[in-house]
Amino acid sequence: MPAEFFSAISNQKTPPVYKFFDGKAWKESTSGKTITVHSPIHGETVGELQSVTPGEIDHVMQSALTAQPAWEATPLNKRVSVTHLAADWIRHFEDYLTALLVREIGKTDSEARSEIKRTADLTDYFADEVQSIRGETLDSDNFPGYDKGRIAMVERVAYGAVVAIAPFNYPVNLAASKIVPALLMGNAVVFKPPTQGGISGVHLTRMFEKAGVPAGIISCVTGGGTDVGDYLASHPKVDVITFTGSSDTGAAIARKAGMKPLVFECGGNNPAVVLPDADMNLTAREIIKGGYQYAGQRCTAIKYVLGSQGVLDQLLPVVLTQMGESVKMGDPRSPETKLVGPVISVSAAGQFQQWIDESVKLGAKIVTGGSRKGNYMEPTILTGVTPDMPVVTHEVFGPLVSFISIKSMDEAVTIINDSMFGLQASVFTKDEGTGLTFAKQLNVGTVQINGSPQRGPDHFPFLGVKRSGLGVQGVRYSLEAMSRLKPVVINKPQ
Ligand code: G3P
């Protein structure tokens with residue numbers, strides 16, 4: 001079944017050369033250039049992706065804008081049923097997509113399967129939720145000085161053409177989290193998958209096509225971030241850009257995009273603050289899950305722990321003991337591997353190693369890990385870290401947790417609020433009132449009390465401040481973000 005369902009998207013050779021989707025047909029690019037996707041597990045070629053040309057992007061944009069009005073005019077119940085069918089296809093190919101994710105981005109089977117299941121559930125949830133998105137009517141005489149006679153009918157309408165740019169670490173889930181709300185609100189979507197993860201992205205696009213998304217309404221343009229991504233970011237016909245990726249890339253897109261709505265999820269570098277009364281076993285479990293899941297390659301990963309020296313002295317042995325049972329680096333296909341497979345590339349691992357080495361030169365101590373073999377980075381803990389060290393000032397997308405000793409809670413607040421990142425923060429304490437008081441002082445998107453940072457459940461609002469993001473995601477928030485208000489005022493002359 002998969003071979004037949006997906007036959008159109010590649011040249012059917014080994015390794016496959018995948019086509020891009022211009023909204024109507026799967027094509028090889030006239031650029032004649034492709035990008036090879038290597039598995040981070042052991043470097044084998046997973047396949048090749050087209051490197052599309054600016055002319056092909058212009059054509060895709062034109063097709064999108066030509067087709068979009070009819071899509072927006074399609075009854076919502078039809079858009080909803082197409083979306084539910086896409087969810088059904090994602091569920092139907094769960095095993096196939098899971099195996100592809102493992103090969104393409106090095107997730108363990110359980111992490112990859114969780115991403116696929118979550119994507120199908122999210123897609124269905126969006127399709128259910130959209131039916132309760134409503135406009136409103138307003139009367140003029142509510143406002144002082146106005147008589148009756150002016151009624152505003154406020155509805156939500158599509159923007160037009162939405163560019164959706166997904167990251168390598170959730171190439172299916174964080175693609176659907178952008179594509180689905182945009183489609184449901186009546187937009188056309190130009191999807192730019194990541195390079196690593198792009199093969200999973202073209203498979204996802206095929207499912208929306210086969211679910212009945214009309215010609216021109218979804219397209220999938222592949223290629224390098226600098227040429228294809230930059231061209232899309234600055235394209236005059238793009239109405240909205242929704243993006244997940246590094247803070248540097250987000251800032252570059254924002255500079256090119258100009259005046260249009262941007263919904264960005266960027267880097268995190270999330271702190272965990274541990275108070276003296278915290279449950280140390282629970283705290284250790286959450287720090288390990290938060291710090292090492294998918295080898296720490298999550299925007300919501302815990303990157304540093306703040307606590308008094310006494311608290312850190314108490315916590316560290318508990319973390320190390322639990323790590324012995326719940327963390328093991330290795331081939332993500334091996335059942336022996338726990339949480340820590342390869343990081344996405346040798347260059348990423350090299351950058352990660354450099355920041356660790358620089359921090360050690362500045363006085364940080366390696367408690368465990370600290371070195372790598374190629375792109376297999378040992379799960380690492382550093383102590384004696386200070387906020388000015390590279391492992392804190394950069395988003396370290398790898399399996400590292402740094403321990404920073406603080407002298408007061410005020411110092412913790414200052415360190416967190418001085419950071420250029422502000423996605424999430426965790427605070428561990430048995431007294432939730434204390435946690436709430438502390439949370440109110442933090443300039444971050446979300447504060448988790450007694451839990452590690454996380455985007456889910458996906459109907460919760462998810463946002464970053466400072467260099468961690470723009471706008472808000474989460475089911476209802478994403479549906480609203482992919483639409484704008486359109487008031488029509490009826491004036492009845494008195
Ligand atoms: O890195 C992407 C970010 O959205 C993480 O999501 O669900 O792992 O917290 P999650």
# chains A, B, ... in the order shown; residues from 1 in each chain; ligands from 1
$ select_by_dssp --residues "stretch 215-330 of chain A" --states "strand (DSSP E or B)" --output "list in words"
Ile218, Ser219, Cys220, Val240, Ile241, Thr242, Phe243, Thr244, Leu262, Val263, Phe264, Glu265, Asn270, Pro271, Ala272, Val273, Val274, Ile302, Lys303, Tyr304, Val305, Leu306, Gly307, Lys328 and Met329 of chain A
$ residues_near_ligand --ligand "ligand 1" --cutoff "9 Å" --atoms "only C-alpha atoms and all ligand atoms" --output "PDB file with N, CA and C atoms, in the first residue's frame"
ATOM      1  N   GLU A 115       5.327  11.067  17.811  1.00  0.00           N
ATOM      2  CA  GLU A 115       5.136  12.249  16.949  1.00  0.00           C
ATOM      3  C   GLU A 115       4.027  11.996  15.920  1.00  0.00           C
ATOM      4  N   PRO A 167      10.690  22.548  11.426  1.00  0.00           N
ATOM      5  CA  PRO A 167      12.046  22.251  11.874  1.00  0.00           C
ATOM      6  C   PRO A 167      12.397  20.774  11.723  1.00  0.00           C
ATOM      7  N   PHE A 168      13.661  20.437  11.858  1.00  0.00           N
ATOM      8  CA  PHE A 168      14.081  19.035  11.675  1.00  0.00           C
ATOM      9  C   PHE A 168      13.603  18.154  12.822  1.00  0.00           C
ATOM     10  N   ASN A 169      13.377  18.755  14.002  1.00  0.00           N
ATOM     11  CA  ASN A 169      13.141  17.865  15.159  1.00  0.00           C
ATOM     12  C   ASN A 169      11.712  17.360  15.266  1.00  0.00           C
ATOM     13  N   TYR A 170      10.769  18.020  14.593  1.00  0.00           N
ATOM     14  CA  TYR A 170       9.383  17.535  14.473  1.00  0.00           C
ATOM     15  C   TYR A 170       8.915  17.796  13.042  1.00  0.00           C
ATOM     16  N   ASN A 173       5.036  16.687  12.884  1.00  0.00           N
ATOM     17  CA  ASN A 173       4.111  17.319  13.825  1.00  0.00           C
ATOM     18  C   ASN A 173       4.119  18.837  13.721  1.00  0.00           C
ATOM     19  N   LEU A 174       5.317  19.434  13.636  1.00  0.00           N
ATOM     20  CA  LEU A 174       5.371  20.899  13.572  1.00  0.00           C
ATOM     21  C   LEU A 174       5.144  21.420  12.164  1.00  0.00           C
ATOM     22  N   THR A 244       9.046  27.420  12.764  1.00  0.00           N
ATOM     23  CA  THR A 244       9.725  26.911  13.955  1.00  0.00           C
ATOM     24  C   THR A 244      11.162  26.618  13.571  1.00  0.00           C
ATOM     25  N   GLY A 245      12.080  27.145  14.411  1.00  0.00           N
ATOM     26  CA  GLY A 245      13.493  26.901  14.119  1.00  0.00           C
ATOM     27  C   GLY A 245      14.356  27.744  15.039  1.00  0.00           C
ATOM     28  N   GLU A 265       8.099  30.058  16.493  1.00  0.00           N
ATOM     29  CA  GLU A 265       8.605  29.381  17.697  1.00  0.00           C
ATOM     30  C   GLU A 265      10.103  29.211  17.490  1.00  0.00           C
ATOM     31  N   CYS A 266      10.897  29.800  18.350  1.00  0.00           N
ATOM     32  CA  CYS A 266      12.347  29.787  18.180  1.00  0.00           C
ATOM     33  C   CYS A 266      13.016  29.106  19.382  1.00  0.00           C
ATOM     34  N   GLY A 267      14.320  29.444  19.545  1.00  0.00           N
ATOM     35  CA  GLY A 267      15.142  28.731  20.529  1.00  0.00           C
ATOM     36  C   GLY A 267      14.647  28.903  21.961  1.00  0.00           C
ATOM     37  N   GLY A 268      14.996  27.940  22.813  1.00  0.00           N
ATOM     38  CA  GLY A 268      14.498  27.990  24.181  1.00  0.00           C
ATOM     39  C   GLY A 268      15.566  28.187  25.229  1.00  0.00           C
ATOM     40  N   GLY A 290      13.336  16.159  30.546  1.00  0.00           N
ATOM     41  CA  GLY A 290      13.400  17.475  29.893  1.00  0.00           C
ATOM     42  C   GLY A 290      14.736  17.741  29.252  1.00  0.00           C
ATOM     43  N   GLN A 293      15.528  13.952  26.391  1.00  0.00           N
ATOM     44  CA  GLN A 293      14.624  13.381  25.385  1.00  0.00           C
ATOM     45  C   GLN A 293      15.053  13.840  23.993  1.00  0.00           C
ATOM     46  N   TYR A 294      15.062  12.920  23.015  1.00  0.00           N
ATOM     47  CA  TYR A 294      15.531  13.175  21.643  1.00  0.00           C
ATOM     48  C   TYR A 294      16.887  13.875  21.681  1.00  0.00           C
ATOM     49  N   GLN A 297      17.307  17.674  21.738  1.00  0.00           N
ATOM     50  CA  GLN A 297      17.066  18.505  20.551  1.00  0.00           C
ATOM     51  C   GLN A 297      15.634  18.992  20.480  1.00  0.00           C
ATOM     52  N   ARG A 298      15.214  19.635  21.543  1.00  0.00           N
ATOM     53  CA  ARG A 298      13.866  20.173  21.588  1.00  0.00           C
ATOM     54  C   ARG A 298      13.942  21.626  22.022  1.00  0.00           C
ATOM     55  N   CYS A 299      13.123  22.485  21.456  1.00  0.00           N
ATOM     56  CA  CYS A 299      13.134  23.897  21.859  1.00  0.00           C
ATOM     57  C   CYS A 299      12.778  24.033  23.333  1.00  0.00           C
ATOM     58  N   THR A 300      12.031  23.021  23.837  1.00  0.00           N
ATOM     59  CA  THR A 300      11.559  23.072  25.227  1.00  0.00           C
ATOM     60  C   THR A 300      12.452  22.273  26.166  1.00  0.00           C
ATOM     61  N   ALA A 301      13.622  21.880  25.712  1.00  0.00           N
ATOM     62  CA  ALA A 301      14.503  21.078  26.580  1.00  0.00           C
ATOM     63  C   ALA A 301      15.010  21.907  27.758  1.00  0.00           C
ATOM     64  N   SER A 452       8.563  19.354  33.558  1.00  0.00           N
ATOM     65  CA  SER A 452       9.580  19.878  32.636  1.00  0.00           C
ATOM     66  C   SER A 452       8.894  20.699  31.551  1.00  0.00           C
ATOM     67  N   PRO A 453       9.618  21.622  30.916  1.00  0.00           N
ATOM     68  CA  PRO A 453       9.018  22.420  29.843  1.00  0.00           C
ATOM     69  C   PRO A 453       8.507  21.511  28.727  1.00  0.00           C
ATOM     70  N   GLN A 454       7.350  21.880  28.149  1.00  0.00           N
ATOM     71  CA  GLN A 454       6.819  21.117  27.033  1.00  0.00           C
ATOM     72  C   GLN A 454       5.735  21.905  26.311  1.00  0.00           C
ATOM     73  N   ARG A 455       5.597  21.596  25.015  1.00  0.00           N
ATOM     74  CA  ARG A 455       4.582  22.278  24.208  1.00  0.00           C
ATOM     75  C   ARG A 455       3.204  21.671  24.464  1.00  0.00           C
ATOM     76  N   GLY A 456       3.175  20.386  24.718  1.00  0.00           N
ATOM     77  CA  GLY A 456       1.866  19.729  24.882  1.00  0.00           C
ATOM     78  C   GLY A 456       1.292  19.980  26.266  1.00  0.00           C
ATOM     79  N   PRO A 457       0.007  19.629  26.467  1.00  0.00           N
ATOM     80  CA  PRO A 457      -0.932  19.221  25.444  1.00  0.00           C
ATOM     81  C   PRO A 457      -1.177  20.336  24.425  1.00  0.00           C
ATOM     82  N   ASP A 458      -1.448  19.986  23.185  1.00  0.00           N
ATOM     83  CA  ASP A 458      -1.331  20.939  22.082  1.00  0.00           C
ATOM     84  C   ASP A 458      -2.447  21.966  22.005  1.00  0.00           C
ATOM     85  N   PHE A 462       0.998  28.134  23.426  1.00  0.00           N
ATOM     86  CA  PHE A 462       2.450  27.862  23.382  1.00  0.00           C
ATOM     87  C   PHE A 462       3.119  29.068  22.745  1.00  0.00           C
TER      88      PHE A 462
END
$ closest_atom_pairs --of "stretch 239-285 of chain A" --to "stretch 213-230 of chain A" --cutoff "12 Å" --atoms "only C-alpha atoms" --output "JSON lines"
{"residue": "A:Ile241", "atom": "CA", "partner": "A:Gly229", "partner_atom": "CA", "distance": 10.9}
{"residue": "A:Phe243", "atom": "CA", "partner": "A:Gly229", "partner_atom": "CA", "distance": 10.6}
{"residue": "A:Gly245", "atom": "CA", "partner": "A:Gly225", "partner_atom": "CA", "distance": 10.9}
{"residue": "A:Ser246", "atom": "CA", "partner": "A:Gly225", "partner_atom": "CA", "distance": 11.8}
{"residue": "A:Thr249", "atom": "CA", "partner": "A:Gly225", "partner_atom": "CA", "distance": 8.9}
{"residue": "A:Gly250", "atom": "CA", "partner": "A:Gly229", "partner_atom": "CA", "distance": 10.9}
{"residue": "A:Ala251", "atom": "CA", "partner": "A:Asp230", "partner_atom": "CA", "distance": 11.7}
{"residue": "A:Ala252", "atom": "CA", "partner": "A:Asp230", "partner_atom": "CA", "distance": 8.4}
{"residue": "A:Ile253", "atom": "CA", "partner": "A:Asp230", "partner_atom": "CA", "distance": 6.9}
{"residue": "A:Ala254", "atom": "CA", "partner": "A:Asp230", "partner_atom": "CA", "distance": 10.3}
{"residue": "A:Arg255", "atom": "CA", "partner": "A:Asp230", "partner_atom": "CA", "distance": 10.2}
{"residue": "A:Lys256", "atom": "CA", "partner": "A:Asp230", "partner_atom": "CA", "distance": 7.4}
{"residue": "A:Ala257", "atom": "CA", "partner": "A:Asp230", "partner_atom": "CA", "distance": 9.0}
$ write_last_selection --atoms "N, CA, C and O atoms" --output "mmCIF file, in the first residue's frame"
data_model
loop_
_atom_site.group_PDB
_atom_site.id
_atom_site.type_symbol
_atom_site.label_atom_id
_atom_site.label_comp_id
_atom_site.auth_asym_id
_atom_site.auth_seq_id
_atom_site.Cartn_x
_atom_site.Cartn_y
_atom_site.Cartn_z
ATOM 1 N N ILE A 241 3.807 34.223 7.544
ATOM 2 C CA ILE A 241 4.856 33.205 7.688
ATOM 3 C C ILE A 241 4.750 32.588 9.076
ATOM 4 O O ILE A 241 4.705 33.320 10.086
ATOM 5 N N PHE A 243 6.662 29.712 11.433
ATOM 6 C CA PHE A 243 8.006 29.115 11.387
ATOM 7 C C PHE A 243 8.372 28.543 12.744
ATOM 8 O O PHE A 243 8.074 29.146 13.801
ATOM 9 N N GLY A 245 12.080 27.145 14.411
ATOM 10 C CA GLY A 245 13.493 26.901 14.119
ATOM 11 C C GLY A 245 14.356 27.744 15.039
ATOM 12 O O GLY A 245 13.872 28.280 16.053
ATOM 13 N N SER A 246 15.610 27.886 14.682
ATOM 14 C CA SER A 246 16.531 28.601 15.581
ATOM 15 C C SER A 246 16.197 30.088 15.651
ATOM 16 O O SER A 246 15.590 30.657 14.726
ATOM 17 N N THR A 249 17.800 32.043 12.736
ATOM 18 C CA THR A 249 17.050 31.926 11.475
ATOM 19 C C THR A 249 15.760 32.730 11.558
ATOM 20 O O THR A 249 15.374 33.433 10.620
ATOM 21 N N GLY A 250 15.100 32.657 12.706
ATOM 22 C CA GLY A 250 13.858 33.427 12.877
ATOM 23 C C GLY A 250 14.099 34.910 12.699
ATOM 24 O O GLY A 250 13.358 35.598 11.981
ATOM 25 N N ALA A 251 15.185 35.401 13.297
ATOM 26 C CA ALA A 251 15.486 36.834 13.177
ATOM 27 C C ALA A 251 15.774 37.198 11.720
ATOM 28 O O ALA A 251 15.344 38.245 11.222
ATOM 29 N N ALA A 252 16.467 36.303 11.013
ATOM 30 C CA ALA A 252 16.792 36.568 9.604
ATOM 31 C C ALA A 252 15.516 36.599 8.755
ATOM 32 O O ALA A 252 15.348 37.476 7.901
ATOM 33 N N ILE A 253 14.596 35.676 9.027
ATOM 34 C CA ILE A 253 13.328 35.661 8.276
ATOM 35 C C ILE A 253 12.540 36.939 8.572
ATOM 36 O O ILE A 253 12.002 37.589 7.668
ATOM 37 N N ALA A 254 12.512 37.314 9.841
ATOM 38 C CA ALA A 254 11.734 38.512 10.222
ATOM 39 C C ALA A 254 12.279 39.748 9.514
ATOM 40 O O ALA A 254 11.518 40.594 9.045
ATOM 41 N N ARG A 255 13.589 39.829 9.381
ATOM 42 C CA ARG A 255 14.176 40.995 8.694
ATOM 43 C C ARG A 255 13.775 41.026 7.227
ATOM 44 O O ARG A 255 13.500 42.057 6.653
ATOM 45 N N LYS A 256 13.684 39.857 6.609
ATOM 46 C CA LYS A 256 13.351 39.782 5.175
ATOM 47 C C LYS A 256 11.841 39.914 4.931
ATOM 48 O O LYS A 256 11.397 40.368 3.887
ATOM 49 N N ALA A 257 11.044 39.499 5.917
ATOM 50 C CA ALA A 257 9.600 39.355 5.682
ATOM 51 C C ALA A 257 8.908 40.702 5.521
ATOM 52 O O ALA A 257 7.928 40.830 4.774
#
$ residues_around --residues "A:Met207" --least-positions-apart "6" --cutoff "9 Å" --atoms "only C-alpha atoms" --output "number ranges by chain"
A: 5-6, 85-87, 89-90
$ residues_around --residues "A:Ala73" --least-positions-apart "3" --cutoff "12 Å" --atoms "only C-alpha atoms" --output "VMD selection string"
chain A and resid 67 to 70 76 to 79 157 to 158 184 to 187
$ atom_distance --atom1 "atom CA of A:Ile287" --atom2 "atom CA of A:Pro171"
24.6 Å
$ atom_distance --atom1 "atom CA of A:Lys328" --atom2 "atom CA of A:Ala425"
25.3 Å
$ residues_around --residues "A:Gly55" --least-positions-apart "5" --cutoff "12 Å" --atoms "only C-alpha atoms" --output "list in words"
Asp22, Ser29, Thr30, Ser31, Val60, Met61, Gln62, Val221, Val228, Tyr231, Leu232 and His235 of chain A
$ closest_residue --among "A:Val367, A:Ile344, A:Ala175, A:Met389" --to "A:Ile105" --atoms "only C-alpha atoms"
A:Ile344
$ closest_residue --among "A:Asp128, A:Asp418, A:Asp410, A:Asp277" --to "A:Ser81" --atoms "only C-alpha atoms"
A:Asp128
$ atom_distance --atom1 "atom CA of A:Thr66" --atom2 "atom CA of A:Ala164"
18.3 Å
$ closest_residue --among "A:Leu275, A:Leu382, A:Ala188, A:Ala152" --to "A:Gly23" --atoms "only C-alpha atoms"
A:Ala188
$ closest_atom_pairs --of "stretch 56-140 of chain A" --to "stretch 33-48 of chain A" --cutoff "10 Å" --atoms "only C-alpha atoms" --output "JSON lines"
{"residue": "A:Leu100", "atom": "CA", "partner": "A:Val46", "partner_atom": "CA", "distance": 8.7}
{"residue": "A:Leu101", "atom": "CA", "partner": "A:Ser39", "partner_atom": "CA", "distance": 9.7}
{"residue": "A:Val102", "atom": "CA", "partner": "A:Ile41", "partner_atom": "CA", "distance": 8.5}
{"residue": "A:Arg103", "atom": "CA", "partner": "A:Ser39", "partner_atom": "CA", "distance": 5.6}
{"residue": "A:Glu104", "atom": "CA", "partner": "A:Ser39", "partner_atom": "CA", "distance": 5.0}
{"residue": "A:Ile105", "atom": "CA", "partner": "A:Pro40", "partner_atom": "CA", "distance": 6.2}
{"residue": "A:Gly106", "atom": "CA", "partner": "A:Ile41", "partner_atom": "CA", "distance": 5.7}
{"residue": "A:Lys107", "atom": "CA", "partner": "A:Ile41", "partner_atom": "CA", "distance": 9.1}
$ residues_around --residues "A:Leu282" --least-positions-apart "5" --cutoff "12 Å" --atoms "only C-alpha atoms" --output "PDB file with C-alpha atoms, in the first residue's frame"
ATOM      1  CA  VAL A 274      14.774  23.863  42.252  1.00  0.00           C
ATOM      2  CA  ASP A 277      11.454  21.816  49.546  1.00  0.00           C
ATOM      3  CA  ILE A 287      15.161  17.151  34.547  1.00  0.00           C
ATOM      4  CA  ILE A 288      16.267  13.918  32.852  1.00  0.00           C
ATOM      5  CA  LYS A 289      13.188  13.752  30.604  1.00  0.00           C
ATOM      6  CA  GLY A 290      13.400  17.475  29.893  1.00  0.00           C
ATOM      7  CA  LEU A 315      19.862  16.824  43.686  1.00  0.00           C
ATOM      8  CA  VAL A 318      19.656  11.609  42.570  1.00  0.00           C
ATOM      9  CA  VAL A 319      19.915  12.724  38.920  1.00  0.00           C
ATOM     10  CA  GLN A 322      18.324   7.865  37.818  1.00  0.00           C
ATOM     11  CA  VAL A 427      10.080  25.541  39.036  1.00  0.00           C
ATOM     12  CA  PHE A 428      10.131  22.626  41.446  1.00  0.00           C
ATOM     13  CA  THR A 429       8.624  23.101  44.879  1.00  0.00           C
ATOM     14  CA  LYS A 430       6.092  21.295  47.049  1.00  0.00           C
ATOM     15  CA  ILE A 449       5.332  24.088  38.145  1.00  0.00           C
ATOM     16  CA  ASN A 450       6.730  20.631  39.055  1.00  0.00           C
ATOM     17  CA  GLY A 451       7.006  19.615  35.398  1.00  0.00           C
ATOM     18  CA  SER A 452       9.580  19.878  32.636  1.00  0.00           C
TER      19      SER A 452
END
$ select_by_dssp --residues "stretch 195-267 of chain A" --states "alpha helix (DSSP H)" --output "list in words"
Gly198, Ile199, Ser200, Gly201, Val202, His203, Leu204, Thr205, Arg206, Met207, Phe208, Glu209, Lys210, Ala211, Asp230, Tyr231, Leu232, Ala233, Ser247, Asp248, Thr249, Gly250, Ala251, Ala252, Ile253, Ala254, Arg255, Lys256 and Ala257 of chain A
$ closest_residue --among "A:Thr53, A:Ser419, A:Asn11, A:Thr283" --to "A:Gln314" --atoms "only C-alpha atoms"
A:Thr283
$ decode --residues "stretch 184-203 of chain A" --atoms "N, CA, C and O atoms" --output "compact mmCIF listing (two decimals), in the first residue's frame"
# COMPACT_ATOMS: atom_id res chain seq x y z
N LEU A 184 -7.64 25.09 7.40
CA LEU A 184 -9.01 25.14 7.93
C LEU A 184 -9.58 26.55 7.91
O LEU A 184 -10.78 26.74 7.73
N MET A 185 -8.71 27.56 8.07
CA MET A 185 -9.21 28.94 8.05
C MET A 185 -9.31 29.48 6.63
O MET A 185 -9.59 30.66 6.44
N GLY A 186 -9.07 28.61 5.63
CA GLY A 186 -9.34 29.01 4.24
C GLY A 186 -8.15 29.53 3.48
O GLY A 186 -8.28 30.06 2.38
N ASN A 187 -6.96 29.41 4.03
CA ASN A 187 -5.76 29.87 3.33
C ASN A 187 -5.22 28.81 2.39
O ASN A 187 -5.54 27.63 2.52
N ALA A 188 -4.36 29.24 1.48
CA ALA A 188 -3.52 28.31 0.72
C ALA A 188 -2.20 28.24 1.48
O ALA A 188 -1.79 29.21 2.12
N VAL A 189 -1.55 27.07 1.43
CA VAL A 189 -0.32 26.86 2.20
C VAL A 189 0.84 26.46 1.29
O VAL A 189 0.72 25.52 0.51
N VAL A 190 1.93 27.19 1.39
CA VAL A 190 3.18 26.79 0.74
C VAL A 190 4.07 26.25 1.85
O VAL A 190 4.47 26.99 2.75
N PHE A 191 4.31 24.95 1.82
CA PHE A 191 5.03 24.27 2.91
C PHE A 191 6.49 24.13 2.52
O PHE A 191 6.81 23.62 1.45
N LYS A 192 7.38 24.61 3.39
CA LYS A 192 8.82 24.44 3.21
C LYS A 192 9.33 23.53 4.31
O LYS A 192 9.49 23.96 5.46
N PRO A 193 9.54 22.26 4.02
CA PRO A 193 10.03 21.35 5.05
C PRO A 193 11.50 21.64 5.34
O PRO A 193 12.18 22.28 4.53
N PRO A 194 12.03 21.11 6.45
CA PRO A 194 13.46 21.25 6.70
C PRO A 194 14.22 20.37 5.70
O PRO A 194 13.60 19.50 5.03
N THR A 195 15.53 20.53 5.59
CA THR A 195 16.28 19.62 4.73
C THR A 195 16.27 18.23 5.38
O THR A 195 15.76 17.27 4.82
N GLN A 196 16.81 18.18 6.61
CA GLN A 196 16.75 16.91 7.36
C GLN A 196 15.34 16.81 7.93
O GLN A 196 14.93 17.61 8.75
N GLY A 197 14.57 15.90 7.39
CA GLY A 197 13.15 15.81 7.75
C GLY A 197 12.29 16.14 6.54
O GLY A 197 11.08 15.99 6.56
N GLY A 198 12.93 16.59 5.47
CA GLY A 198 12.18 16.98 4.27
C GLY A 198 11.50 15.81 3.58
O GLY A 198 10.43 15.95 2.99
N ILE A 199 12.10 14.63 3.70
CA ILE A 199 11.48 13.46 3.07
C ILE A 199 10.19 13.09 3.81
O ILE A 199 9.17 12.78 3.21
N SER A 200 10.24 13.20 5.13
CA SER A 200 9.00 13.01 5.90
C SER A 200 7.98 14.09 5.51
O SER A 200 6.79 13.82 5.41
N GLY A 201 8.47 15.29 5.24
CA GLY A 201 7.58 16.40 4.86
C GLY A 201 6.88 16.17 3.54
O GLY A 201 5.68 16.43 3.41
N VAL A 202 7.57 15.62 2.55
CA VAL A 202 6.90 15.39 1.26
C VAL A 202 5.86 14.26 1.41
O VAL A 202 4.81 14.29 0.78
N HIS A 203 6.16 13.30 2.27
CA HIS A 203 5.16 12.24 2.52
C HIS A 203 3.91 12.83 3.17
O HIS A 203 2.78 12.47 2.82
